[in-house]
Amino acid sequence: MNSAIRSSYLTLSRDRSVPIPETPKLQPFPRFFDSTNRNNRFRDVSSGCSLLRTRLRHDSAEFRTALSHRVGVSSKNAQFDSFPDENEAQAPSFAEFITSERVKVVAMLALALALCNADRVVMSVAIVPLSLSNGWSRSFAGIVQSSFLWGYLISPIAGGTLVDYYGGKVVMAWGVALWSLATFLTPWAAETSLWALLAMRALLGIAEGVALPSMNNMVARWFPQTERARAVGIAMAGFQLGSSVGLMLSPILMSQGGIFGPFVIFGLSGFLWVLVWLSATSSTPDRNPQISKYELEYILNERKKSLVENKPKTTKVIPPFRRLLSKLPTWSLIIANAMHSWGFFIFLSWMPIYFNSVYHVDLRQAAWFSAVPWTVMAIMGYIGGLWSDIMIRNGMSVTITRKIMQSIGFLGPGIALVGLTTAKSPAVASAWLTLAVGLKSFSHSGFLVNLQEIAPQYSGVLHGISNTGGTLAAILGTVGAGFFVELVGSFQGFLLFTSLLYVLAALFYNVFSTGERVNFDEPSKYYCILLIV
């Protein structure tokens with residue numbers, strides 16, 4: 001087709017007096033495509049050129065932009081260079097990707113999520129000396145740890161709605177500032193009263209409830225679909241490294257600065273992050289003064305028009321909750337998030353105590369055994385995101401890709417937890433736990449990215465809804481684990497129960513999820529039946 005277009009065009013130039021532009025750089029679009037004479041001049045051109053003429057008749061701005069890169073004009077003659085497939089997107093090299101502005105944005109998001117999780121896990125380590133000094137039982141220690149989740153239960157839906165309305169940059173800044181303040185004031189609260197401590201941990205949960213919806217919003221605005229799982233993998237790698245840093249540094253900081261040393265250090269770090277975030281990032285690529293022209297054009301050309309809006313919403317502040325909840329793909333995300341949070345908080349809150357009580361290792365060793373899996377999870381999360389993006393780029397459907405990632409992310413931990421219950425030494429137990437947590441990270445390229453795909457216009461509030469379901473599951477799991485161990489006297493039984501839940505959640509997601517956009521403006525048949533009844 002390229003040779004036909006070239007020969008037809010040269011014939012047209014010889015047979016008809018077609019002016020050739022003298023300054024091609026100022027006139028990248030040749031004059032002989034004049035709209036008034038277009039039909040006469042292209043009468044004899046081949047079918048490939050006829051298709052080109054049809055596109056030109058609509059004066060498509062998008063086609064003009066693409067054509068300006070594909071047409072070569074010289075001072076002696078005019079000819080078309082090779083015409084690659086219009087739908088083929090040239091992916092940037094690894095060096096271009098890693099040095100791009102969008103990677104800087106996701107790196108800042110990763111740092112925010114690292115602080116988010118570090119502020120959470122400090123209490124998982126501090127709860128051991130606090131329980132000893134205050135005489136708290138295992139069940140009451142579970143209640144104290146779950147106080148974070150009380151606040152986390154409140155904010156995700158409201159925070160997601162604010163993210164959809166104002167954008168992720170502003171909401172994330174406020175969230176980090178508030179949870180850093182709550183972390184910084186925790187020592188004062190603990191010395192004041194138990195209720196003050198519980199209230200401060202609840203405030204931490206309220207502020208951190210906006211973190212993941214904000215991250216999802218920023219990733220959707222800055223990354224095309226073929227890079228989105230990788231971007232989420234980078235951001236969530238920071239989230240998991242926050243667990244490792246918090247678990248490993250907390251005992252060291254406690255030994256140097258007392259029980260409350262980590263709270264002060266992590267709180268001050270959050271304030272510093274806010275200053276850098278507000279000064280160095282923008283809410284959308286087109287508002288960033290540092291972004292290159294090539295990167296901006298790449299993002300805008302690759303991003304589907306229906307996936308994200310460049311400006312915050314100014315209408316419809318209250319989302320259609322009934323219609324969102326009337327679709328089974330929504331419930332597949334809620335169930336997946338619930339299971340993800342159940343397992344996450346069980347691992348995060350109880351593993352230091354598990355190693356301390358089952359294998360009788362001291363607090364610092366228990367923290368290190370519990371921290372190693374989160375470091376592996378950070379690496380595996382990026383690998384899963386990269387693999388997911390490659391599968392989609394190679395032609396695999398988004399739906400199948402998400403289901404594969406989610407199956408690995410749930411069935412893998414389910415099997416590994418069975419192995420954990422049989423471990424006879426802390427080293428073997430840590431290996432099984434590392435395998436469980438590492439495979440769990442593949443779910444970030446499953447349900448977590450899927451939120452942006454089925455409802456881009458409601459991704460923030462949908463993330464909030466699913467996070468609320470996840471928080472309820474996390475509260476039930478965190479508190480329930482303490483009561484279960486007191487009643488049954490065994491952690492292993494609770495881990496086996498968690499393994500079963502992983503398998504059931506994987507089945508539900510595979511049956512009812514989709515990678516395609518869901519029309520939430522049209523009520524489902526189940527919703528219509530409910531209205532009739």
# chains A, B, ... in the order shown; residues from 1 in each chain; ligands from 1
>>> residues_around(residues="segment 198-214 of chain A", least_positions_apart="5", cutoff="7 Å", atoms="only C-alpha atoms", output="PyMOL selection string")
chain A and resi 116+144+147-152+154-156+159-160+163+168+171-172+175+178-179+182-183+186+189+460+463-464
>>> write_last_selection(atoms="N, CA, C and O atoms", output="short mmCIF file (atom, residue, chain, number, x, y, z; two decimals), in the first residue's frame")
data_model
loop_
_atom_site.label_atom_id
_atom_site.label_comp_id
_atom_site.auth_asym_id
_atom_site.auth_seq_id
_atom_site.Cartn_x
_atom_site.Cartn_y
_atom_site.Cartn_z
N CYS A 116 2.65 6.05 54.69
CA CYS A 116 1.32 5.61 55.11
C CYS A 116 1.41 4.28 55.86
O CYS A 116 0.85 4.12 56.95
N VAL A 144 -7.02 -2.45 70.36
CA VAL A 144 -6.20 -1.24 70.24
C VAL A 144 -5.66 -1.11 68.82
O VAL A 144 -5.68 -0.03 68.23
N SER A 147 -8.20 0.10 66.28
CA SER A 147 -8.72 1.47 66.37
C SER A 147 -8.34 2.28 65.14
O SER A 147 -9.07 3.20 64.75
N PHE A 148 -7.22 1.97 64.52
CA PHE A 148 -6.87 2.60 63.25
C PHE A 148 -7.95 2.34 62.21
O PHE A 148 -8.32 3.23 61.43
N LEU A 149 -8.48 1.14 62.20
CA LEU A 149 -9.47 0.76 61.19
C LEU A 149 -10.83 1.41 61.44
O LEU A 149 -11.62 1.52 60.51
N TRP A 150 -11.10 1.84 62.65
CA TRP A 150 -12.36 2.53 62.89
C TRP A 150 -12.42 3.81 62.07
O TRP A 150 -13.45 4.12 61.45
N GLY A 151 -11.31 4.54 62.09
CA GLY A 151 -11.27 5.75 61.27
C GLY A 151 -11.18 5.44 59.80
O GLY A 151 -11.78 6.12 58.95
N TYR A 152 -10.44 4.40 59.46
CA TYR A 152 -10.26 4.00 58.06
C TYR A 152 -11.58 3.56 57.44
O TYR A 152 -11.76 3.61 56.22
N ILE A 154 -14.41 5.08 57.94
CA ILE A 154 -15.24 6.26 57.69
C ILE A 154 -14.87 6.97 56.39
O ILE A 154 -15.75 7.38 55.62
N SER A 155 -13.57 7.10 56.13
CA SER A 155 -13.12 8.05 55.12
C SER A 155 -13.05 7.59 53.67
O SER A 155 -13.10 8.44 52.77
N PRO A 156 -12.91 6.30 53.34
CA PRO A 156 -12.67 5.96 51.93
C PRO A 156 -13.73 6.44 50.96
O PRO A 156 -13.40 6.96 49.89
N GLY A 159 -13.60 10.22 50.95
CA GLY A 159 -12.34 10.59 50.34
C GLY A 159 -12.31 10.30 48.86
O GLY A 159 -11.79 11.10 48.07
N GLY A 160 -12.88 9.17 48.44
CA GLY A 160 -12.95 8.85 47.02
C GLY A 160 -13.78 9.86 46.25
O GLY A 160 -13.45 10.23 45.12
N VAL A 163 -11.72 12.92 45.84
CA VAL A 163 -10.70 12.69 44.82
C VAL A 163 -11.28 12.88 43.43
O VAL A 163 -10.68 13.52 42.56
N GLY A 168 -6.46 14.01 42.65
CA GLY A 168 -5.65 13.29 43.63
C GLY A 168 -4.58 14.11 44.29
O GLY A 168 -4.21 13.83 45.43
N VAL A 171 -6.05 16.19 47.44
CA VAL A 171 -6.55 15.31 48.50
C VAL A 171 -5.42 14.53 49.14
O VAL A 171 -5.38 14.34 50.37
N MET A 172 -4.46 14.07 48.34
CA MET A 172 -3.32 13.35 48.90
C MET A 172 -2.50 14.25 49.83
O MET A 172 -2.04 13.81 50.90
N GLY A 175 -4.32 14.53 53.06
CA GLY A 175 -4.28 13.26 53.77
C GLY A 175 -2.96 13.01 54.47
O GLY A 175 -2.91 12.65 55.65
N LEU A 178 -2.51 15.29 57.54
CA LEU A 178 -3.31 14.90 58.70
C LEU A 178 -2.79 13.63 59.37
O LEU A 178 -2.71 13.56 60.60
N TRP A 179 -2.43 12.62 58.55
CA TRP A 179 -1.97 11.39 59.21
C TRP A 179 -0.58 11.57 59.82
O TRP A 179 -0.25 10.91 60.80
N ALA A 182 -1.30 13.10 63.17
CA ALA A 182 -1.80 12.09 64.11
C ALA A 182 -0.67 11.20 64.61
O ALA A 182 -0.62 10.84 65.80
N THR A 183 0.24 10.83 63.73
CA THR A 183 1.39 10.01 64.14
C THR A 183 2.28 10.77 65.12
O THR A 183 2.73 10.23 66.14
N THR A 186 0.80 10.93 68.63
CA THR A 186 0.48 9.67 69.31
C THR A 186 1.19 9.54 70.67
O THR A 186 0.56 9.08 71.64
N ALA A 189 -0.79 11.44 73.13
CA ALA A 189 -2.08 10.81 73.40
C ALA A 189 -1.93 9.59 74.30
O ALA A 189 -2.75 9.37 75.22
N GLY A 460 -12.59 6.94 41.99
CA GLY A 460 -12.30 7.32 43.37
C GLY A 460 -13.34 6.81 44.35
O GLY A 460 -13.01 6.18 45.35
N HIS A 463 -13.34 3.04 44.51
CA HIS A 463 -12.25 2.58 45.37
C HIS A 463 -12.62 2.77 46.84
O HIS A 463 -12.30 1.92 47.69
N GLY A 464 -13.30 3.87 47.13
CA GLY A 464 -13.75 4.10 48.50
C GLY A 464 -14.73 3.05 48.97
O GLY A 464 -14.65 2.57 50.11
#
>>> residues_around(residues="segment 466-475 of chain A", least_positions_apart="6", cutoff="7 Å", atoms="only C-alpha atoms", output="VMD selection string")
chain A and resid 146 149 152 to 153 156 333 to 334 337 to 339 341 to 342 345
>>> residues_around(residues="Asn217 of chain A", least_positions_apart="2", cutoff="12 Å", atoms="only C-alpha atoms", output="tab-separated table (two decimals) with N, CA and C atoms, in the first residue's frame")
chain	number	residue	atom	x	y	z
A	105	VAL	N	6.27	11.34	39.34
A	105	VAL	CA	5.00	11.45	40.07
A	105	VAL	C	4.71	10.16	40.83
A	106	VAL	N	4.86	9.02	40.16
A	106	VAL	CA	4.54	7.76	40.82
A	106	VAL	C	5.58	7.44	41.90
A	109	LEU	N	4.32	9.22	44.84
A	109	LEU	CA	3.20	8.44	45.39
A	109	LEU	C	3.71	7.25	46.18
A	159	GLY	N	-13.60	10.22	50.95
A	159	GLY	CA	-12.34	10.59	50.34
A	159	GLY	C	-12.31	10.30	48.86
A	160	GLY	N	-12.88	9.17	48.44
A	160	GLY	CA	-12.95	8.85	47.02
A	160	GLY	C	-13.78	9.86	46.25
A	161	THR	N	-14.88	10.30	46.86
A	161	THR	CA	-15.72	11.32	46.22
A	161	THR	C	-14.95	12.63	46.08
A	162	LEU	N	-14.20	13.01	47.11
A	162	LEU	CA	-13.39	14.23	47.03
A	162	LEU	C	-12.30	14.10	45.97
A	163	VAL	N	-11.72	12.92	45.84
A	163	VAL	CA	-10.70	12.69	44.82
A	163	VAL	C	-11.28	12.88	43.43
A	164	ASP	N	-12.47	12.32	43.19
A	164	ASP	CA	-13.12	12.49	41.88
A	164	ASP	C	-13.46	13.94	41.60
A	165	TYR	N	-13.70	14.70	42.65
A	165	TYR	CA	-14.14	16.09	42.49
A	165	TYR	C	-12.97	17.06	42.40
A	166	TYR	N	-11.97	16.92	43.29
A	166	TYR	CA	-10.86	17.86	43.35
A	166	TYR	C	-9.57	17.34	42.71
A	167	GLY	N	-9.48	16.05	42.48
A	167	GLY	CA	-8.25	15.49	41.95
A	167	GLY	C	-7.36	14.92	43.04
A	168	GLY	N	-6.46	14.01	42.65
A	168	GLY	CA	-5.65	13.29	43.63
A	168	GLY	C	-4.58	14.11	44.29
A	169	LYS	N	-4.05	15.13	43.62
A	169	LYS	CA	-2.93	15.88	44.20
A	169	LYS	C	-3.33	16.60	45.48
A	170	VAL	N	-4.43	17.34	45.44
A	170	VAL	CA	-4.86	18.13	46.61
A	170	VAL	C	-5.27	17.22	47.76
A	171	VAL	N	-6.05	16.19	47.44
A	171	VAL	CA	-6.55	15.31	48.50
A	171	VAL	C	-5.42	14.53	49.14
A	172	MET	N	-4.46	14.07	48.34
A	172	MET	CA	-3.32	13.35	48.90
A	172	MET	C	-2.50	14.25	49.83
A	210	VAL	N	-7.76	8.19	52.31
A	210	VAL	CA	-7.75	8.83	51.00
A	210	VAL	C	-6.52	8.45	50.19
A	211	ALA	N	-5.58	7.71	50.76
A	211	ALA	CA	-4.29	7.46	50.11
A	211	ALA	C	-4.45	6.66	48.81
A	212	LEU	N	-5.08	5.51	48.88
A	212	LEU	CA	-5.18	4.66	47.70
A	212	LEU	C	-6.10	5.25	46.63
A	213	PRO	N	-7.27	5.83	46.97
A	213	PRO	CA	-8.04	6.50	45.92
A	213	PRO	C	-7.27	7.62	45.24
A	214	SER	N	-6.49	8.39	46.00
A	214	SER	CA	-5.68	9.45	45.40
A	214	SER	C	-4.62	8.88	44.48
A	215	MET	N	-3.97	7.80	44.92
A	215	MET	CA	-2.97	7.15	44.07
A	215	MET	C	-3.59	6.67	42.77
A	219	VAL	N	-2.54	7.98	38.98
A	219	VAL	CA	-2.05	7.02	37.99
A	219	VAL	C	-2.92	7.05	36.74
A	220	ALA	N	-4.23	7.13	36.90
A	220	ALA	CA	-5.13	7.18	35.75
A	220	ALA	C	-4.91	8.44	34.93
A	221	ARG	N	-4.56	9.54	35.57
A	221	ARG	CA	-4.34	10.80	34.85
A	221	ARG	C	-2.99	10.84	34.14
A	222	TRP	N	-1.99	10.16	34.68
A	222	TRP	CA	-0.64	10.29	34.17
A	222	TRP	C	-0.18	9.13	33.29
A	223	PHE	N	-0.81	7.97	33.39
A	223	PHE	CA	-0.30	6.79	32.69
A	223	PHE	C	-1.33	6.22	31.73
A	228	ARG	N	-0.21	1.14	33.11
A	228	ARG	CA	-0.88	1.43	34.37
A	228	ARG	C	-0.59	0.40	35.46
A	231	ALA	N	2.77	1.10	36.82
A	231	ALA	CA	2.76	2.28	37.70
A	231	ALA	C	2.19	1.93	39.07
A	232	VAL	N	1.10	1.18	39.09
A	232	VAL	CA	0.53	0.75	40.36
A	232	VAL	C	1.52	-0.14	41.10
A	283	SER	N	-1.31	18.08	38.99
A	283	SER	CA	-2.41	17.12	39.00
A	283	SER	C	-2.56	16.38	37.69
A	284	THR	N	-2.21	17.01	36.56
A	284	THR	CA	-2.32	16.39	35.24
A	284	THR	C	-1.06	16.70	34.43
A	307	LEU	N	-11.27	7.48	29.49
A	307	LEU	CA	-10.74	6.93	30.72
A	307	LEU	C	-10.54	7.95	31.82
A	308	VAL	N	-10.25	9.19	31.46
A	308	VAL	CA	-9.93	10.15	32.50
A	308	VAL	C	-10.27	11.54	32.02
A	309	GLU	N	-10.61	12.40	32.93
A	309	GLU	CA	-10.87	13.79	32.63
A	309	GLU	C	-9.71	14.63	33.14
A	310	ASN	N	-9.35	15.66	32.37
A	310	ASN	CA	-8.22	16.50	32.77
A	310	ASN	C	-8.57	17.48	33.87
A	311	LYS	N	-9.85	17.76	34.03
A	311	LYS	CA	-10.24	18.75	35.03
A	311	LYS	C	-11.11	18.09	36.10
A	312	PRO	N	-11.06	18.57	37.32
A	312	PRO	CA	-11.91	18.04	38.37
A	312	PRO	C	-13.38	18.24	38.02
A	448	LEU	N	-6.90	-4.03	41.81
A	448	LEU	CA	-6.54	-2.65	42.13
A	448	LEU	C	-6.48	-1.79	40.86
A	449	VAL	N	-5.98	-2.35	39.75
A	449	VAL	CA	-5.99	-1.63	38.48
A	449	VAL	C	-7.37	-1.68	37.85
A	451	LEU	N	-10.16	-1.23	39.08
A	451	LEU	CA	-11.02	-0.13	39.53
A	451	LEU	C	-11.06	1.00	38.52
A	452	GLN	N	-9.92	1.30	37.89
A	452	GLN	CA	-9.84	2.40	36.94
A	452	GLN	C	-10.51	2.04	35.61
A	453	GLU	N	-10.61	0.75	35.33
A	453	GLU	CA	-11.06	0.31	34.01
A	453	GLU	C	-12.57	0.20	33.90
A	455	ALA	N	-14.84	1.79	35.77
A	455	ALA	CA	-15.55	3.04	36.09
A	455	ALA	C	-14.56	4.19	36.23
A	456	PRO	N	-13.96	4.64	35.11
A	456	PRO	CA	-12.97	5.72	35.23
A	456	PRO	C	-13.55	6.99	35.82
A	457	GLN	N	-14.84	7.29	35.52
A	457	GLN	CA	-15.44	8.52	36.04
A	457	GLN	C	-15.79	8.41	37.51
A	458	TYR	N	-15.87	7.18	38.03
A	458	TYR	CA	-16.20	6.97	39.44
A	458	TYR	C	-15.11	6.16	40.15
A	459	SER	N	-13.88	6.18	39.62
A	459	SER	CA	-12.83	5.32	40.18
A	459	SER	C	-12.53	5.65	41.64
A	460	GLY	N	-12.59	6.94	41.99
A	460	GLY	CA	-12.30	7.32	43.37
A	460	GLY	C	-13.34	6.81	44.35
A	461	VAL	N	-14.60	7.06	44.05
A	461	VAL	CA	-15.66	6.62	44.96
A	461	VAL	C	-15.79	5.09	44.94
A	462	LEU	N	-15.56	4.47	43.78
A	462	LEU	CA	-15.61	3.01	43.73
A	462	LEU	C	-14.49	2.40	44.56
A	463	HIS	N	-13.34	3.04	44.51
A	463	HIS	CA	-12.25	2.58	45.37
A	463	HIS	C	-12.62	2.77	46.84
A	464	GLY	N	-13.30	3.87	47.13
A	464	GLY	CA	-13.75	4.10	48.50
A	464	GLY	C	-14.73	3.05	48.97
>>> atom_distance(atom1="atom CA of Gly343 of chain A", atom2="atom CA of Phe442 of chain A")
13.7 Å
>>> atom_distance(atom1="atom CA of Arg322 of chain A", atom2="atom CA of Ile465 of chain A")
11.6 Å
>>> atom_distance(atom1="atom CA of Leu348 of chain A", atom2="atom CA of Leu268 of chain A")
22.8 Å
>>> residues_around(residues="Gly238 of chain A", least_positions_apart="6", cutoff="12 Å", atoms="only C-alpha atoms", output="PyMOL selection string")
chain A and resi 106-118+215+231-232+244-246+374-379+381-382
>>> residues_around(residues="Phe484 of chain A", least_positions_apart="4", cutoff="12 Å", atoms="only C-alpha atoms", output="PyMOL selection string")
chain A and resi 138-139+142+476-480+488-495+497
>>> select_by_dssp(residues="segment 391-433 of chain A", states="alpha helix (DSSP H)", output="MDAnalysis selection string")
chainID A and resid 391:393 398:421 426:433
>>> residues_around(residues="segment 405-417 of chain A", least_positions_apart="2", cutoff="10 Å", atoms="only C-alpha atoms", output="PyMOL selection string")
chain A and resi 336+339-340+343+381+384-385+387-388+400-403+419-422+429+431-448+492+495-507+509-510
>>> closest_residue(among="A:Thr281, A:Ser349, A:Thr399, A:Ser124", to="Asn450 of chain A", atoms="only C-alpha atoms")
A:Thr399
